[in-house]
file my_file.tsv (TSV, N, CA and C atoms)
chain	number	residue	atom	x	y	z
A	1	MET	N	2.18	-15.21	-8.44
A	1	MET	CA	2.39	-15.43	-7.05
A	1	MET	C	1.61	-14.44	-6.20
A	2	ILE	N	1.92	-13.14	-6.31
A	2	ILE	CA	1.22	-12.13	-5.54
A	2	ILE	C	0.08	-11.52	-6.36
A	3	SER	N	-0.05	-11.91	-7.59
A	3	SER	CA	-1.04	-11.28	-8.45
A	3	SER	C	-2.46	-11.45	-7.94
A	4	GLY	N	-2.75	-12.45	-7.14
A	4	GLY	CA	-4.09	-12.65	-6.59
A	4	GLY	C	-4.47	-11.61	-5.56
A	5	ILE	N	-3.50	-10.93	-4.98
A	5	ILE	CA	-3.78	-9.92	-3.96
A	5	ILE	C	-4.49	-8.73	-4.58
A	6	GLY	N	-4.18	-8.39	-5.82
A	6	GLY	CA	-4.75	-7.21	-6.45
A	6	GLY	C	-6.25	-7.28	-6.63
A	7	SER	N	-6.83	-8.48	-6.57
A	7	SER	CA	-8.26	-8.61	-6.79
A	7	SER	C	-9.07	-8.49	-5.50
A	8	ILE	N	-8.43	-8.23	-4.38
A	8	ILE	CA	-9.14	-8.11	-3.11
A	8	ILE	C	-9.96	-6.83	-3.12
A	9	GLY	N	-11.23	-6.96	-2.83
A	9	GLY	CA	-12.12	-5.81	-2.76
A	9	GLY	C	-12.18	-5.06	-4.06
A	10	ALA	N	-12.17	-3.75	-3.96
A	10	ALA	CA	-12.26	-2.89	-5.14
A	10	ALA	C	-10.95	-2.17	-5.38
A	11	LEU	N	-9.83	-2.83	-5.06
A	11	LEU	CA	-8.54	-2.19	-5.21
A	11	LEU	C	-8.18	-2.06	-6.67
A	12	LYS	N	-7.64	-0.92	-7.02
A	12	LYS	CA	-7.16	-0.67	-8.37
A	12	LYS	C	-5.67	-0.43	-8.27
A	13	PRO	N	-4.85	-1.16	-9.03
A	13	PRO	CA	-3.40	-0.97	-8.92
A	13	PRO	C	-3.00	0.45	-9.29
A	14	ALA	N	-2.13	1.02	-8.51
A	14	ALA	CA	-1.60	2.35	-8.79
A	14	ALA	C	-0.39	2.21	-9.70
A	15	THR	N	0.10	3.29	-10.23
A	15	THR	CA	1.22	3.23	-11.15
A	15	THR	C	2.55	3.36	-10.43
A	16	GLU	N	2.55	3.67	-9.14
A	16	GLU	CA	3.79	3.84	-8.41
A	16	GLU	C	4.20	2.50	-7.83
A	17	GLY	N	5.51	2.28	-7.67
A	17	GLY	CA	5.98	1.00	-7.22
A	17	GLY	C	6.81	1.05	-5.97
A	18	ALA	N	8.12	1.23	-6.09
A	18	ALA	CA	9.05	1.05	-4.98
A	18	ALA	C	8.87	2.06	-3.86
A	19	ASP	N	8.37	3.23	-4.10
A	19	ASP	CA	8.21	4.24	-3.06
A	19	ASP	C	6.85	4.19	-2.38
A	20	ALA	N	6.12	3.11	-2.55
A	20	ALA	CA	4.76	3.04	-2.01
A	20	ALA	C	4.75	2.96	-0.49
A	21	ALA	N	5.76	2.34	0.09
A	21	ALA	CA	5.76	2.18	1.54
A	21	ALA	C	5.90	3.52	2.24
A	22	THR	N	6.82	4.35	1.77
A	22	THR	CA	7.02	5.62	2.44
A	22	THR	C	6.00	6.65	2.03
A	23	GLY	N	5.40	6.52	0.85
A	23	GLY	CA	4.45	7.50	0.36
A	23	GLY	C	3.04	6.98	0.32
A	24	ALA	N	2.71	6.04	1.21
A	24	ALA	CA	1.39	5.42	1.15
A	24	ALA	C	0.26	6.43	1.33
A	25	PHE	N	0.49	7.45	2.16
A	25	PHE	CA	-0.56	8.42	2.39
A	25	PHE	C	-0.20	9.80	1.89
A	26	GLN	N	0.92	9.94	1.21
A	26	GLN	CA	1.30	11.25	0.69
A	26	GLN	C	0.50	11.58	-0.55
A	27	GLY	N	0.01	12.77	-0.62
A	27	GLY	CA	-0.71	13.22	-1.81
A	27	GLY	C	-2.13	12.72	-1.91
A	28	ILE	N	-2.65	12.11	-0.86
A	28	ILE	CA	-4.00	11.56	-0.93
A	28	ILE	C	-5.05	12.66	-0.75
A	29	VAL	N	-4.83	13.58	0.17
A	29	VAL	CA	-5.79	14.64	0.40
A	29	VAL	C	-5.38	15.84	-0.44
A	30	ALA	N	-6.03	15.98	-1.58
A	30	ALA	CA	-5.69	17.07	-2.48
A	30	ALA	C	-6.97	17.72	-2.98
A	31	PRO	N	-7.03	19.04	-3.04
A	31	PRO	CA	-8.22	19.70	-3.56
A	31	PRO	C	-8.39	19.41	-5.05
A	32	THR	N	-9.65	19.25	-5.46
A	32	THR	CA	-9.92	18.95	-6.86
A	32	THR	C	-9.96	20.21	-7.71
A	33	THR	N	-10.53	21.26	-7.18
A	33	THR	CA	-10.55	22.55	-7.89
A	33	THR	C	-10.33	23.65	-6.87
A	34	ALA	N	-10.31	24.88	-7.34
A	34	ALA	CA	-10.09	26.01	-6.44
A	34	ALA	C	-11.27	26.19	-5.49
A	35	THR	N	-12.48	25.85	-5.93
A	35	THR	CA	-13.65	26.04	-5.07
A	35	THR	C	-13.92	24.84	-4.18
A	36	GLU	N	-13.48	23.66	-4.58
A	36	GLU	CA	-13.70	22.46	-3.78
A	36	GLU	C	-12.42	22.13	-3.03
A	37	THR	N	-12.43	22.31	-1.72
A	37	THR	CA	-11.24	22.09	-0.93
A	37	THR	C	-11.40	20.90	0.01
A	38	PHE	N	-12.15	19.92	-0.36
A	38	PHE	CA	-12.31	18.74	0.49
A	38	PHE	C	-11.41	17.63	-0.04
A	39	GLY	N	-11.01	16.71	0.87
A	39	GLY	CA	-10.13	15.61	0.52
A	39	GLY	C	-10.91	14.35	0.21
A	40	THR	N	-10.17	13.29	0.04
A	40	THR	CA	-10.80	12.01	-0.23
A	40	THR	C	-11.33	11.42	1.06
A	41	SER	N	-12.19	10.44	0.92
A	41	SER	CA	-12.74	9.79	2.10
A	41	SER	C	-11.70	8.84	2.70
A	42	PHE	N	-11.97	8.42	3.91
A	42	PHE	CA	-11.07	7.50	4.60
A	42	PHE	C	-10.96	6.18	3.85
A	43	ALA	N	-12.08	5.70	3.33
A	43	ALA	CA	-12.07	4.45	2.57
A	43	ALA	C	-11.22	4.57	1.30
A	44	GLU	N	-11.31	5.71	0.63
A	44	GLU	CA	-10.49	5.92	-0.57
A	44	GLU	C	-9.02	5.99	-0.21
A	45	ALA	N	-8.70	6.64	0.90
A	45	ALA	CA	-7.31	6.73	1.33
A	45	ALA	C	-6.74	5.35	1.64
A	46	LEU	N	-7.52	4.53	2.34
A	46	LEU	CA	-7.08	3.17	2.63
A	46	LEU	C	-6.95	2.35	1.36
A	47	SER	N	-7.86	2.53	0.44
A	47	SER	CA	-7.81	1.81	-0.83
A	47	SER	C	-6.56	2.18	-1.62
A	48	GLN	N	-6.24	3.47	-1.66
A	48	GLN	CA	-5.04	3.90	-2.38
A	48	GLN	C	-3.78	3.38	-1.71
A	49	ALA	N	-3.74	3.40	-0.38
A	49	ALA	CA	-2.58	2.89	0.35
A	49	ALA	C	-2.42	1.39	0.12
A	50	ALA	N	-3.53	0.65	0.12
A	50	ALA	CA	-3.47	-0.79	-0.13
A	50	ALA	C	-3.02	-1.08	-1.55
A	51	SER	N	-3.47	-0.29	-2.50
A	51	SER	CA	-3.04	-0.46	-3.89
A	51	SER	C	-1.54	-0.24	-4.04
A	52	LYS	N	-1.03	0.79	-3.39
A	52	LYS	CA	0.40	1.06	-3.46
A	52	LYS	C	1.20	-0.07	-2.80
A	53	THR	N	0.67	-0.62	-1.71
A	53	THR	CA	1.34	-1.73	-1.05
A	53	THR	C	1.38	-2.95	-1.96
A	54	VAL	N	0.27	-3.26	-2.61
A	54	VAL	CA	0.23	-4.38	-3.53
A	54	VAL	C	1.22	-4.17	-4.67
A	55	ASN	N	1.29	-2.97	-5.19
A	55	ASN	CA	2.23	-2.69	-6.27
A	55	ASN	C	3.68	-2.84	-5.80
A	56	THR	N	3.95	-2.43	-4.58
A	56	THR	CA	5.30	-2.57	-4.04
A	56	THR	C	5.68	-4.04	-3.91
A	57	LEU	N	4.75	-4.84	-3.44
A	57	LEU	CA	5.00	-6.28	-3.32
A	57	LEU	C	5.21	-6.92	-4.68
A	58	GLN	N	4.40	-6.53	-5.65
A	58	GLN	CA	4.56	-7.06	-7.00
A	58	GLN	C	5.89	-6.63	-7.62
A	59	ASN	N	6.30	-5.39	-7.36
A	59	ASN	CA	7.57	-4.90	-7.88
A	59	ASN	C	8.73	-5.70	-7.29
A	60	ALA	N	8.69	-5.97	-5.99
A	60	ALA	CA	9.74	-6.74	-5.34
A	60	ALA	C	9.81	-8.15	-5.92
A	61	GLU	N	8.65	-8.72	-6.20
A	61	GLU	CA	8.61	-10.05	-6.79
A	61	GLU	C	9.22	-10.03	-8.20
A	62	GLN	N	8.89	-9.02	-8.98
A	62	GLN	CA	9.42	-8.93	-10.34
A	62	GLN	C	10.93	-8.73	-10.34
A	63	VAL	N	11.43	-7.87	-9.44
A	63	VAL	CA	12.88	-7.64	-9.37
A	63	VAL	C	13.58	-8.91	-8.92
A	64	SER	N	12.98	-9.66	-7.99
A	64	SER	CA	13.58	-10.92	-7.55
A	64	SER	C	13.66	-11.92	-8.69
A	65	ILE	N	12.63	-11.99	-9.49
A	65	ILE	CA	12.63	-12.90	-10.64
A	65	ILE	C	13.67	-12.46	-11.67
A	66	GLN	N	13.79	-11.14	-11.87
A	66	GLN	CA	14.81	-10.63	-12.78
A	66	GLN	C	16.21	-10.99	-12.28
A	67	ALA	N	16.41	-10.94	-10.97
A	67	ALA	CA	17.71	-11.28	-10.40
A	67	ALA	C	18.03	-12.76	-10.61
A	68	LEU	N	17.01	-13.61	-10.52
A	68	LEU	CA	17.22	-15.03	-10.77
A	68	LEU	C	17.64	-15.29	-12.21
A	69	ARG	N	17.14	-14.46	-13.11
A	69	ARG	CA	17.51	-14.57	-14.53
A	69	ARG	C	18.87	-13.93	-14.80
A	70	GLY	N	19.36	-13.13	-13.86
A	70	GLY	CA	20.62	-12.45	-14.05
A	70	GLY	C	20.48	-11.06	-14.63
A	71	ASP	N	19.26	-10.54	-14.66
A	71	ASP	CA	18.99	-9.23	-15.25
A	71	ASP	C	19.00	-8.09	-14.24
A	72	ALA	N	19.06	-8.40	-12.95
A	72	ALA	CA	19.00	-7.35	-11.93
A	72	ALA	C	20.17	-7.49	-10.96
A	73	ASP	N	20.59	-6.37	-10.45
A	73	ASP	CA	21.70	-6.31	-9.49
A	73	ASP	C	21.18	-6.70	-8.10
A	74	THR	N	22.08	-7.19	-7.27
A	74	THR	CA	21.71	-7.58	-5.91
A	74	THR	C	21.20	-6.38	-5.12
A	75	ARG	N	21.78	-5.23	-5.36
A	75	ARG	CA	21.35	-4.01	-4.66
A	75	ARG	C	19.90	-3.67	-5.00
A	76	GLN	N	19.52	-3.83	-6.26
A	76	GLN	CA	18.13	-3.56	-6.66
A	76	GLN	C	17.17	-4.51	-5.95
A	77	VAL	N	17.59	-5.77	-5.82
A	77	VAL	CA	16.73	-6.76	-5.15
A	77	VAL	C	16.57	-6.40	-3.68
A	78	VAL	N	17.66	-6.05	-3.04
A	78	VAL	CA	17.60	-5.70	-1.61
A	78	VAL	C	16.73	-4.47	-1.41
A	79	ASP	N	16.89	-3.45	-2.25
A	79	ASP	CA	16.07	-2.24	-2.12
A	79	ASP	C	14.59	-2.56	-2.32
A	80	ALA	N	14.27	-3.36	-3.32
A	80	ALA	CA	12.87	-3.70	-3.60
A	80	ALA	C	12.27	-4.53	-2.47
A	81	VAL	N	13.03	-5.49	-1.96
A	81	VAL	CA	12.51	-6.34	-0.88
A	81	VAL	C	12.35	-5.56	0.42
A	82	MET	N	13.30	-4.68	0.70
A	82	MET	CA	13.19	-3.86	1.92
A	82	MET	C	12.00	-2.91	1.82
A	83	SER	N	11.78	-2.36	0.65
A	83	SER	CA	10.63	-1.48	0.44
A	83	SER	C	9.33	-2.26	0.61
A	84	ALA	N	9.29	-3.47	0.09
A	84	ALA	CA	8.10	-4.32	0.23
A	84	ALA	C	7.87	-4.69	1.69
A	85	GLN	N	8.95	-4.97	2.40
A	85	GLN	CA	8.82	-5.31	3.81
A	85	GLN	C	8.27	-4.13	4.61
A	86	GLN	N	8.78	-2.95	4.33
A	86	GLN	CA	8.30	-1.75	5.03
A	86	GLN	C	6.83	-1.49	4.70
A	87	ALA	N	6.45	-1.66	3.45
A	87	ALA	CA	5.05	-1.46	3.06
A	87	ALA	C	4.14	-2.47	3.74
A	88	LEU	N	4.59	-3.71	3.82
A	88	LEU	CA	3.78	-4.74	4.46
A	88	LEU	C	3.66	-4.49	5.96
A	89	GLN	N	4.74	-4.09	6.61
A	89	GLN	CA	4.68	-3.77	8.04
A	89	GLN	C	3.76	-2.58	8.31
A	90	THR	N	3.80	-1.59	7.44
A	90	THR	CA	2.91	-0.44	7.58
A	90	THR	C	1.45	-0.86	7.45
A	91	THR	N	1.18	-1.70	6.45
A	91	THR	CA	-0.18	-2.18	6.24
A	91	THR	C	-0.68	-2.99	7.42
A	92	ILE	N	0.17	-3.84	7.96
A	92	ILE	CA	-0.21	-4.65	9.13
A	92	ILE	C	-0.48	-3.76	10.33
A	93	ALA	N	0.33	-2.72	10.53
A	93	ALA	CA	0.12	-1.80	11.65
A	93	ALA	C	-1.21	-1.06	11.50
A	94	ILE	N	-1.52	-0.63	10.28
A	94	ILE	CA	-2.79	0.06	10.04
A	94	ILE	C	-3.95	-0.89	10.28
A	95	ARG	N	-3.83	-2.13	9.79
A	95	ARG	CA	-4.88	-3.12	10.02
A	95	ARG	C	-5.10	-3.34	11.51
A	96	ASP	N	-4.02	-3.48	12.27
A	96	ASP	CA	-4.14	-3.70	13.71
A	96	ASP	C	-4.83	-2.53	14.41
A	97	LYS	N	-4.53	-1.30	13.98
A	97	LYS	CA	-5.17	-0.13	14.57
A	97	LYS	C	-6.67	-0.08	14.23
A	98	VAL	N	-7.01	-0.44	13.00
A	98	VAL	CA	-8.42	-0.46	12.59
A	98	VAL	C	-9.18	-1.51	13.39
A	99	VAL	N	-8.60	-2.69	13.54
A	99	VAL	CA	-9.26	-3.75	14.32
A	99	VAL	C	-9.40	-3.33	15.78
A	100	SER	N	-8.36	-2.72	16.33
A	100	SER	CA	-8.41	-2.24	17.71
A	100	SER	C	-9.50	-1.19	17.89
A	101	ALA	N	-9.61	-0.26	16.95
A	101	ALA	CA	-10.65	0.76	17.02
A	101	ALA	C	-12.04	0.14	16.92
A	102	PHE	N	-12.19	-0.85	16.04
A	102	PHE	CA	-13.48	-1.52	15.91
A	102	PHE	C	-13.86	-2.21	17.22
A	103	LEU	N	-12.90	-2.89	17.84
A	103	LEU	CA	-13.18	-3.56	19.10
A	103	LEU	C	-13.55	-2.57	20.21
A	104	GLU	N	-12.89	-1.43	20.23
A	104	GLU	CA	-13.22	-0.40	21.21
A	104	GLU	C	-14.65	0.10	21.00
A	105	ILE	N	-15.01	0.34	19.76
A	105	ILE	CA	-16.36	0.82	19.46
A	105	ILE	C	-17.40	-0.24	19.81
A	106	SER	N	-17.09	-1.50	19.52
A	106	SER	CA	-18.06	-2.57	19.79
A	106	SER	C	-18.26	-2.78	21.28
A	107	ARG	N	-17.30	-2.40	22.11
A	107	ARG	CA	-17.44	-2.55	23.56
A	107	ARG	C	-18.20	-1.40	24.21
A	108	MET	N	-18.46	-0.35	23.45
A	108	MET	CA	-19.19	0.81	24.00
A	108	MET	C	-20.64	0.43	24.25
A	109	SER	N	-21.16	0.90	25.36
A	109	SER	CA	-22.57	0.64	25.65
A	109	SER	C	-23.41	1.74	25.05
A	110	ILE	N	-24.55	1.34	24.56
A	110	ILE	CA	-25.44	2.30	23.90
A	110	ILE	C	-26.48	2.81	24.88
call {"tool": "encode", "arguments": {"input": "my_file.tsv", "output": "C-alpha coordinates"}}
result
Amino acid sequence: MISGIGSIGALKPATEGADAATGAFQGIVAPTTATETFGTSFAEALSQAASKTVNTLQNAEQVSIQALRGDADTRQVVDAVMSAQQALQTTIAIRDKVVSAFLEISRMSI
(Lines of atoms letter the chains of each structure in order from A and count residues from 1; the text may use other names and numbers.)
(Lines give C-alpha, C1' and ligand atoms only; values in the text may rest on other atoms or scores of the structure.)
Protein backbone atom coordinates (compact mmCIF):
# COMPACT_ATOMS: atom_id res chain seq x y z
CA MET A 1 0.00 0.00 0.00
CA ILE A 2 2.49 2.65 1.15
CA SER A 3 5.52 0.70 -0.01
CA GLY A 4 5.65 2.69 -3.27
CA ILE A 5 6.44 5.88 -1.36
CA GLY A 6 9.89 4.60 -0.35
CA SER A 7 11.09 4.64 -3.95
CA ILE A 8 10.60 8.40 -4.37
CA GLY A 9 13.87 10.08 -5.24
CA ALA A 10 16.93 8.77 -3.46
CA LEU A 11 15.25 8.09 -0.13
CA LYS A 12 16.70 5.31 1.95
CA PRO A 13 14.46 3.87 4.69
CA ALA A 14 15.72 4.58 8.18
CA THR A 15 15.56 2.04 10.96
CA GLU A 16 13.45 4.19 13.29
CA GLY A 17 9.68 3.95 13.17
CA ALA A 18 7.07 5.37 15.53
CA ASP A 19 9.13 8.29 16.87
CA ALA A 20 9.92 9.67 13.42
CA ALA A 21 7.40 12.49 13.58
CA THR A 22 8.77 14.07 16.72
CA GLY A 23 12.41 13.28 15.95
CA ALA A 24 12.44 14.07 12.25
CA PHE A 25 15.28 16.54 12.61
CA GLN A 26 16.83 15.40 15.88
CA GLY A 27 20.36 14.12 15.62
CA ILE A 28 20.80 15.17 11.99
CA VAL A 29 23.57 17.73 12.53
CA ALA A 30 26.31 15.75 14.20
CA PRO A 31 30.10 16.10 13.92
CA THR A 32 31.79 13.19 12.19
CA THR A 33 35.12 13.45 14.00
CA ALA A 34 36.78 15.73 16.51
CA THR A 35 38.40 17.80 13.75
CA GLU A 36 35.39 17.93 11.42
CA THR A 37 32.61 19.93 13.05
CA PHE A 38 30.33 20.48 10.07
CA GLY A 39 26.79 19.08 9.79
CA THR A 40 24.89 17.46 7.00
CA SER A 41 23.58 19.39 4.05
CA PHE A 42 20.03 20.66 3.86
CA ALA A 43 19.20 18.08 1.18
CA GLU A 44 20.47 15.26 3.39
CA ALA A 45 18.46 16.56 6.34
CA LEU A 46 15.30 16.65 4.24
CA SER A 47 16.05 13.19 2.88
CA GLN A 48 16.48 11.77 6.37
CA ALA A 49 13.28 13.45 7.59
CA ALA A 50 11.37 12.10 4.58
CA SER A 51 12.75 8.61 5.19
CA LYS A 52 11.63 8.71 8.81
CA THR A 53 8.18 9.89 7.73
CA VAL A 54 7.87 7.04 5.24
CA ASN A 55 8.91 4.56 7.92
CA THR A 56 6.35 5.99 10.33
CA LEU A 57 3.60 5.62 7.73
CA GLN A 58 4.68 2.06 6.97
CA ASN A 59 4.76 1.23 10.68
CA ALA A 60 1.22 2.55 11.15
CA GLU A 61 0.07 0.46 8.21
CA GLN A 62 1.71 -2.68 9.62
CA VAL A 63 0.22 -2.15 13.09
CA SER A 64 -3.21 -1.60 11.52
CA ILE A 65 -2.92 -4.86 9.60
CA GLN A 66 -1.79 -6.65 12.76
CA ALA A 67 -4.86 -5.28 14.55
CA LEU A 68 -7.11 -6.63 11.81
CA ARG A 69 -5.56 -10.04 12.39
CA GLY A 70 -6.06 -9.65 16.13
CA ASP A 71 -2.35 -9.44 16.93
CA ALA A 72 -2.24 -5.80 18.06
CA ASP A 73 -4.01 -3.83 20.76
CA THR A 74 -6.26 -0.88 19.91
CA ARG A 75 -3.96 1.42 21.86
CA GLN A 76 -0.98 0.41 19.68
CA VAL A 77 -3.00 1.16 16.55
CA VAL A 78 -4.07 4.57 17.84
CA ASP A 79 -0.51 5.47 18.84
CA ALA A 80 0.89 4.38 15.47
CA VAL A 81 -1.79 6.19 13.46
CA MET A 82 -1.46 9.38 15.51
CA SER A 83 2.31 9.29 15.06
CA ALA A 84 1.85 8.81 11.31
CA GLN A 85 -0.62 11.67 11.18
CA GLN A 86 1.78 13.98 13.00
CA ALA A 87 4.65 12.96 10.71
CA LEU A 88 2.53 13.57 7.62
CA GLN A 89 1.36 16.98 8.86
CA THR A 90 4.96 17.95 9.61
CA THR A 91 6.05 16.86 6.14
CA ILE A 92 3.23 18.81 4.50
CA ALA A 93 4.13 21.93 6.51
CA ILE A 94 7.78 21.63 5.46
CA ARG A 95 6.76 21.14 1.83
CA ASP A 96 4.53 24.22 1.97
CA LYS A 97 7.38 26.31 3.41
CA VAL A 98 9.79 25.10 0.73
CA VAL A 99 7.29 25.91 -2.04
CA SER A 100 6.61 29.31 -0.49
CA ALA A 101 10.34 30.07 -0.31
CA PHE A 102 10.80 28.99 -3.93
CA LEU A 103 7.97 31.27 -5.05
CA GLU A 104 9.47 34.18 -3.11
CA ILE A 105 12.85 33.62 -4.74
CA SER A 106 11.32 33.29 -8.21
CA ARG A 107 9.57 36.66 -7.79
CA MET A 108 12.83 38.46 -7.02
CA SER A 109 14.10 40.69 -9.78
CA ILE A 110 17.64 40.20 -10.93
call {"tool": "closest_residue", "arguments": {"input": "my_file.tsv", "among": "A:Ile110, A:Ala50, A:Ala43, A:Val77", "to": "Ser64 (chain A)", "atoms": "all atoms listed in the file"}}
result
A:Val77
call {"tool": "atom_distance", "arguments": {"input": "my_file.tsv", "atom1": "atom N of Leu46 (chain A)", "atom2": "atom N of Gln62 (chain A)"}}
result
24.1 Å
call {"tool": "atom_distance", "arguments": {"input": "my_file.tsv", "atom1": "CA of Thr74 (chain A)", "atom2": "CA of Lys52 (chain A)"}}
result
23.1 Å
call {"tool": "atom_distance", "arguments": {"input": "my_file.tsv", "atom1": "CA of Arg95 (chain A)", "atom2": "atom N of Glu44 (chain A)"}}
result
14.4 Å
call {"tool": "residues_around", "arguments": {"input": "my_file.tsv", "residues": "Ala84 (chain A)", "least_positions_apart": "4", "cutoff": "6 Å", "atoms": "only N, CA and C atoms", "output": "JSON list (two decimals) with N, CA and C atoms, keeping the file's coordinate frame"}}
result
[["chain", "number", "residue", "atom", "x", "y", "z"],
["A", 56, "THR", "N", 3.95, -2.43, -4.58],
["A", 56, "THR", "CA", 5.30, -2.57, -4.04],
["A", 56, "THR", "C", 5.68, -4.04, -3.91],
["A", 57, "LEU", "N", 4.75, -4.84, -3.44],
["A", 57, "LEU", "CA", 5.00, -6.28, -3.32],
["A", 57, "LEU", "C", 5.21, -6.92, -4.68],
["A", 79, "ASP", "N", 16.89, -3.45, -2.25],
["A", 79, "ASP", "CA", 16.07, -2.24, -2.12],
["A", 79, "ASP", "C", 14.59, -2.56, -2.32],
["A", 80, "ALA", "N", 14.27, -3.36, -3.32],
["A", 80, "ALA", "CA", 12.87, -3.70, -3.60],
["A", 80, "ALA", "C", 12.27, -4.53, -2.47],
["A", 88, "LEU", "N", 4.59, -3.71, 3.82],
["A", 88, "LEU", "CA", 3.78, -4.74, 4.46],
["A", 88, "LEU", "C", 3.66, -4.49, 5.96],
["A", 89, "GLN", "N", 4.74, -4.09, 6.61],
["A", 89, "GLN", "CA", 4.68, -3.77, 8.04],
["A", 89, "GLN", "C", 3.76, -2.58, 8.31]]
